[in-house]
Amino acid sequence: MNKSVLATSVLLIGMLSTPAMAEEGRGTIGLASKSISISTTSGFTTNTYQWGGIALVGGYDITDSIALRGSYYTLVETTDSNSEMKGFDADVRFGPNGLGFTYYGSLGYFSDTWNGSTSGVSQSYSGGTLGVGIGYNWDSVNLDWNILNIRSKSDYPATTDLVGSGSLGLSYRF
């Protein structure tokens, strides 16, 4: 998990220390509601595990059509409040990011750790993401709906069919 905190910190510090930050409205920082859903199949039985919680989000618009975004999150499982997922994700988004309506496709990376409540088991997952989203930018506020990020499932158990995440965030633009 220390790698997650370090990578997120480096990403945010790097974005905030660039000379281009003098241009107003390129940086964002805020909070989001985030969820992760894992669907597994064993025989004829399909199970879906869901986590939900809060994320600290930040980003920087490199150009008018390329942006970097990252989040650090803490989530709990909806059926077991003692089961926790902590991690970070970061992505490069492609689409218009000026004032007004925005939309994007994204490529990214995630890393998180699940801690089971009753089993004491801890597992780490990481890999690539492919996502889509929409949003709206005002002068000082950004509304972002990351509709769906499909995660690579290579680190997950072999019975995993699909892993997805999404978020709805509100950020300050500076």
# chains A, B, ... in the order shown; residues from 1 in each chain; ligands from 1
call {"tool": "residues_around", "arguments": {"residues": "range 154-168 of chain A", "least_positions_apart": "6", "cutoff": "8 Å", "atoms": "only C-alpha atoms", "output": "compact mmCIF listing (two decimals) with N, CA and C atoms, in the first residue's frame"}}
result
# COMPACT_ATOMS: atom_id res chain seq x y z
N ALA A 32 -14.84 12.22 -4.44
CA ALA A 32 -15.73 11.44 -5.30
C ALA A 32 -16.32 10.28 -4.52
N SER A 33 -17.48 9.86 -4.95
CA SER A 33 -18.08 8.62 -4.49
C SER A 33 -17.62 7.55 -5.48
N LYS A 34 -17.02 6.48 -4.98
CA LYS A 34 -16.43 5.47 -5.87
C LYS A 34 -16.98 4.09 -5.55
N SER A 35 -17.07 3.25 -6.57
CA SER A 35 -17.50 1.88 -6.37
C SER A 35 -16.68 0.93 -7.24
N ILE A 36 -16.53 -0.29 -6.75
CA ILE A 36 -15.87 -1.36 -7.49
C ILE A 36 -16.78 -2.57 -7.41
N SER A 37 -16.93 -3.25 -8.54
CA SER A 37 -17.78 -4.44 -8.61
C SER A 37 -16.99 -5.58 -9.24
N ILE A 38 -17.02 -6.76 -8.60
CA ILE A 38 -16.32 -7.94 -9.10
C ILE A 38 -17.35 -9.04 -9.28
N SER A 39 -17.43 -9.57 -10.50
CA SER A 39 -18.37 -10.64 -10.83
C SER A 39 -17.58 -11.94 -11.03
N THR A 40 -17.99 -13.00 -10.32
CA THR A 40 -17.33 -14.29 -10.43
C THR A 40 -18.34 -15.37 -10.77
N THR A 41 -17.87 -16.42 -11.41
CA THR A 41 -18.72 -17.57 -11.72
C THR A 41 -18.03 -18.84 -11.26
N SER A 42 -18.77 -19.68 -10.57
CA SER A 42 -18.29 -20.98 -10.14
C SER A 42 -19.38 -21.98 -10.46
N SER A 124 -3.64 -8.31 -2.89
CA SER A 124 -3.38 -7.10 -3.67
C SER A 124 -3.66 -7.37 -5.13
N TYR A 125 -4.20 -6.36 -5.81
CA TYR A 125 -4.54 -6.44 -7.22
C TYR A 125 -4.00 -5.21 -7.92
N SER A 126 -3.55 -5.37 -9.17
CA SER A 126 -3.12 -4.23 -9.96
C SER A 126 -3.21 -4.58 -11.43
N GLY A 127 -3.23 -3.54 -12.26
CA GLY A 127 -3.29 -3.78 -13.70
C GLY A 127 -3.79 -2.57 -14.45
N LEU A 143 -17.54 18.71 -12.45
CA LEU A 143 -18.38 17.56 -12.14
C LEU A 143 -17.96 16.45 -13.09
N ASP A 144 -17.56 15.30 -12.54
CA ASP A 144 -17.04 14.21 -13.36
C ASP A 144 -17.76 12.92 -13.01
N TRP A 145 -18.32 12.27 -14.04
CA TRP A 145 -18.95 10.97 -13.86
C TRP A 145 -18.14 9.97 -14.66
N ASN A 146 -17.30 9.22 -13.97
CA ASN A 146 -16.54 8.15 -14.59
C ASN A 146 -17.50 6.96 -14.67
N ILE A 147 -18.16 6.83 -15.81
CA ILE A 147 -19.25 5.87 -15.96
C ILE A 147 -18.78 4.44 -15.74
N LEU A 148 -17.68 4.06 -16.38
CA LEU A 148 -17.21 2.68 -16.24
C LEU A 148 -15.73 2.59 -16.58
call {"tool": "select_by_dssp", "arguments": {"residues": "chain A", "states": "alpha helix (DSSP H)", "output": "PyMOL selection string"}}
result
chain A and resi 2-16
call {"tool": "write_last_selection", "arguments": {"atoms": "N, CA, C and O atoms", "output": "JSON list (two decimals), in the first residue's frame"}}
result
[["chain", "number", "residue", "atom", "x", "y", "z"],
["A", 2, "ASN", "N", 2.07, 1.16, 0.60],
["A", 2, "ASN", "CA", 2.96, 2.32, 0.60],
["A", 2, "ASN", "C", 3.32, 2.74, -0.82],
["A", 2, "ASN", "O", 3.49, 3.92, -1.09],
["A", 3, "LYS", "N", 3.40, 1.78, -1.74],
["A", 3, "LYS", "CA", 3.67, 2.11, -3.14],
["A", 3, "LYS", "C", 2.52, 2.93, -3.71],
["A", 3, "LYS", "O", 2.73, 3.84, -4.50],
["A", 4, "SER", "N", 1.30, 2.58, -3.32],
["A", 4, "SER", "CA", 0.12, 3.31, -3.80],
["A", 4, "SER", "C", 0.15, 4.76, -3.35],
["A", 4, "SER", "O", -0.10, 5.67, -4.14],
["A", 5, "VAL", "N", 0.42, 4.98, -2.09],
["A", 5, "VAL", "CA", 0.47, 6.34, -1.55],
["A", 5, "VAL", "C", 1.60, 7.11, -2.21],
["A", 5, "VAL", "O", 1.43, 8.27, -2.61],
["A", 6, "LEU", "N", 2.75, 6.48, -2.37],
["A", 6, "LEU", "CA", 3.90, 7.13, -3.00],
["A", 6, "LEU", "C", 3.60, 7.51, -4.45],
["A", 6, "LEU", "O", 3.85, 8.64, -4.87],
["A", 7, "ALA", "N", 3.03, 6.58, -5.21],
["A", 7, "ALA", "CA", 2.74, 6.86, -6.62],
["A", 7, "ALA", "C", 1.71, 7.98, -6.77],
["A", 7, "ALA", "O", 1.86, 8.86, -7.62],
["A", 8, "THR", "N", 0.67, 7.96, -5.94],
["A", 8, "THR", "CA", -0.35, 9.01, -6.00],
["A", 8, "THR", "C", 0.25, 10.36, -5.62],
["A", 8, "THR", "O", 0.00, 11.37, -6.26],
["A", 9, "SER", "N", 1.09, 10.38, -4.58],
["A", 9, "SER", "CA", 1.72, 11.63, -4.15],
["A", 9, "SER", "C", 2.62, 12.19, -5.24],
["A", 9, "SER", "O", 2.60, 13.39, -5.52],
["A", 10, "VAL", "N", 3.42, 11.34, -5.87],
["A", 10, "VAL", "CA", 4.31, 11.79, -6.94],
["A", 10, "VAL", "C", 3.50, 12.35, -8.10],
["A", 10, "VAL", "O", 3.84, 13.39, -8.66],
["A", 11, "LEU", "N", 2.41, 11.67, -8.46],
["A", 11, "LEU", "CA", 1.55, 12.14, -9.54],
["A", 11, "LEU", "C", 0.98, 13.52, -9.23],
["A", 11, "LEU", "O", 1.07, 14.44, -10.05],
["A", 12, "LEU", "N", 0.43, 13.70, -8.04],
["A", 12, "LEU", "CA", -0.18, 14.97, -7.68],
["A", 12, "LEU", "C", 0.87, 16.08, -7.54],
["A", 12, "LEU", "O", 0.66, 17.19, -8.00],
["A", 13, "ILE", "N", 2.00, 15.78, -6.91],
["A", 13, "ILE", "CA", 3.05, 16.80, -6.76],
["A", 13, "ILE", "C", 3.61, 17.19, -8.12],
["A", 13, "ILE", "O", 3.84, 18.37, -8.39],
["A", 14, "GLY", "N", 3.79, 16.22, -8.99],
["A", 14, "GLY", "CA", 4.30, 16.52, -10.33],
["A", 14, "GLY", "C", 3.35, 17.41, -11.10],
["A", 14, "GLY", "O", 3.77, 18.33, -11.80],
["A", 15, "MET", "N", 2.05, 17.15, -10.96],
["A", 15, "MET", "CA", 1.07, 17.96, -11.66],
["A", 15, "MET", "C", 1.04, 19.38, -11.11],
["A", 15, "MET", "O", 0.90, 20.34, -11.86],
["A", 16, "LEU", "N", 1.20, 19.52, -9.81],
["A", 16, "LEU", "CA", 1.09, 20.84, -9.18],
["A", 16, "LEU", "C", 2.36, 21.66, -9.30],
["A", 16, "LEU", "O", 2.33, 22.87, -9.09]]
call {"tool": "atom_distance", "arguments": {"atom1": "CA of Tyr103 in chain A", "atom2": "CA of Ile66 in chain A"}}
result
11.2 Å
call {"tool": "closest_residue", "arguments": {"among": "A:Ser140, A:Ser83, A:Thr28, A:Asn97", "to": "Asn115 in chain A", "atoms": "only C-alpha atoms"}}
result
A:Ser83
call {"tool": "residues_around", "arguments": {"residues": "Gly87 in chain A", "least_positions_apart": "6", "cutoff": "6 Å", "atoms": "only C-alpha atoms", "output": "list in words"}}
result
Tyr72, Tyr73, Ser111 and Asp112 of chain A
